[in-house]
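To keep things clear, I will list the structure first and then write my remarks on it.
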Amino acid sequence: MAYTKRIDGRKFNETREIKAKIGVVPNADGSAMFSFGDTVAIAAVYGPRQLHPQHLQNPEKGLLRCNYSMLSFSVNERIRPGPNKRSTEISKITEWSLAPAILIDEFPNTVVDVHIAIPQADASTRCAGINAASLALAHAGVPMKELVTSVSIGKIDKQLVADVSKAEEDYEEGEGATDIAMSFLSRSEKLAHIQLDGKISPKELNEAIKLGLETCKKIRKIQEDVLKSIKDEKGEK
Amino acid sequence: MIETSTLTKSAISEYISKGKRFDKRQLSEFRNLSIDLALSKKAEGGAKVKLGKTEVWVGVKMEIAEPYPDSPDKGNLMVTAELLPLSSSKYEYGPPKFNAIEIGRLVDRGIRESKFIDFEKLCIKEGEKVWAVIIDIYSINDDGNLLDAAFIGALAALKSAKMPFYDEKKEKIDYEAESKKKIPLTKNIPINFSIHKIKNSFFLDPSIEEELASEGRIILAFIPDSPVKICSMQKGETMVVSTDEFNKAIKLAEDKYDSFFSEVMKKIDSEILKLK
């Protein structure tokens with residue numbers, strides 16, 4: 001049977017309920033929570049601060065360092081704490097997505113550390129992580145040209161959908177599931193990251209990217225609104 | 001904040017020796033405690049615990065495992081703690097350092113020795129298959145006394161946990177199947193106190209600054225009884241104490257026990273009611 005109705009009843013271009021919150025880690029220079037339905041990410045930013053060991057320092061620009069990790073109890077089968085191949089790759093992908101947006105050249109010899117933790121996962125965790133990290137960087141006052149907004153677009157059987165859930169990711173009928181995680185810079189609307197797992201024609205991919213950009217514009221509005229609502233929260237620190 | 005200046009340290013030590021604290025607390029007074037059980041739908045049980053600005057997340061997962069050779073008819077317990085670099089600028093990535101290992105060990109010991117978990121009921125087939133209870137602790141914001149917060153989180157997570165469904169035919173756990181079965185627990189609910197010392201004074205629930213100024217600590221877990229019993233203990237750091245001082249430290253925690261234990265239980269139980 002064709003995928004004509006989404007498993008959770010959403011419209012095809014509709015994301016799950018999005019929640020965003022700023023200032024969830026008081027110790028950090030900036031922090032945020034971002035969730036797509038049951039997928040929850042928190043991010044904390046420390047820096048710009050002096051980079052150790054010294055030999056890593058670059059007198060021409062600062063360094064952005066991201067670390068993504070799923071907490072052991074974020075999925076059904078417990079994950080052993082500590083880094084693994086998947087988290088190492090996603091950390092790098094996150095770094096590559098965020099770096100174009102921040103003016104890292106202004107901070108020679110320093111590092112900006114972005115730590116992302118996923119307490120509860122229901123697919124699209126890297127996208128939630130990037131969205132949280134983007135908010136946390138803005139909260140920390142790291143100079144940014146624009147925000148970064150991320151979403152996963154799926155092709156479930158023949159149907160394109162926004163914000164893929166775990167149940168959709170596991171869909172096996174018809175053409176099965178193709179999952180395309182992508183991130184856009186908010187102002188220039190350029191692609192900062194894209195990854196694809198599955199099977200899709202270039203024409204369909206083009207459609208998927210269009211849907212991704214449209215969806216990211218909606219998500220960006222939520223990011224901007226939550227940033228505007230903070231104001232003096234940092235005075236509390 | 002990575003270090004406390006000598007000036008701050010000496011001011012703290014002067015305050016504490018006069019029975020005062022920067023945040024106006026009594027020496028045996030805890031910061032505001034809050035517990036939220038909505039941690040992860042994928043965990044069997046979980047809790048977000050805040051003590052003032054300190055925040056710790058504790059999740060309980062369950063798996064099927066082989067029993068240990070010395071306890072073929074009992075379930076397993078594993079406790080790990082990770083001090084996330086997300087929670088403080090002083091933590092870095094890498095293999096767990098002593099502080100993280102110690103938190104895991106102390107929570108493990110307090111829970112194991114109290115006999116709070118009825119491990120015999122977690123045996124599926126003697127010598128072959130038992131339930132393993134795994135408690136994972138993560139620091140989210142370290143503003144001092146992660147240990148006591150983590151311990152409360154472990155209690156809350158265990159008390160609210162639902163065991164997953166074990167399909168005996170498939171010999172597999174179905175984590176998605178609905179389950180109402182709770183982890184078998186006893187009345188021996190342990191509670192932890194970290195008692196810190198500066199000069200001649202002992203105090204509870206240190207802030208991060210107080211923790212850095214502390215000369216050492218006595219960590220113990222109590223279980224309910226009349227009078228209350230101690231089920232685990234460990235002295236930390238190189239400080240030495242006379243027996244009189246030692247007794248004074250225990251007395252401080254013992255005097256605090258009733259009110260603190262009932263506050264913790266009340267908060268956990270009211271959160272569990274909210275889950276239903």
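Residue numbers start at 1 in each chain; chains themselves are named A, B, ... in the order of the structure tokens; ligands are numbered from 1 in the order shown.
For Ile191 (chain B), the residues within 8 Å (counting only C-alpha atoms, excluding itself and residues fewer than 2 positions away along the chain) are Gly110, Phe151, Ile152, Ile189, Phe193, Ala221, Phe222, Ile223 and Phe261 of chain B.
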Exercise answer, chain A residues close to chain B, 6 Å and only C-alpha atoms, as a compact mmCIF listing (two decimals) with C-alpha atoms, in the first residue's frame:
# COMPACT_ATOMS: atom_id res chain seq x y z
CA VAL A 25 22.89 24.73 31.53
CA ASN A 27 27.49 26.92 33.89
CA ALA A 44 26.00 23.84 25.76
CA PHE A 73 19.06 5.58 27.98
CA SER A 74 18.01 7.59 24.91
CA VAL A 75 17.05 4.45 22.96
CA ASN A 76 15.55 1.05 23.77
CA HIS A 115 28.59 19.87 23.53
CA GLN A 120 15.64 10.83 24.24
As a check of understanding: the span from CA of Asp23 (chain B) to CA of Ser194 (chain B) is 18.4 Å
Close residues, Lys267 (chain B) itself excluded, 12 Å, only C-alpha atoms, min 3 positions apart in chain, as a PyMOL selection string: chain B and resi 32-37+47+49-50+152-153+155-156+159+260-264+270-274
Could you give me, as a VMD selection string, each residue of region 62-250 of chain B that DSSP assigns to alpha helix (DSSP H) when run on this structure's backbone? chain B and resid 98 to 114 146 to 160 208 to 213 243 to 250
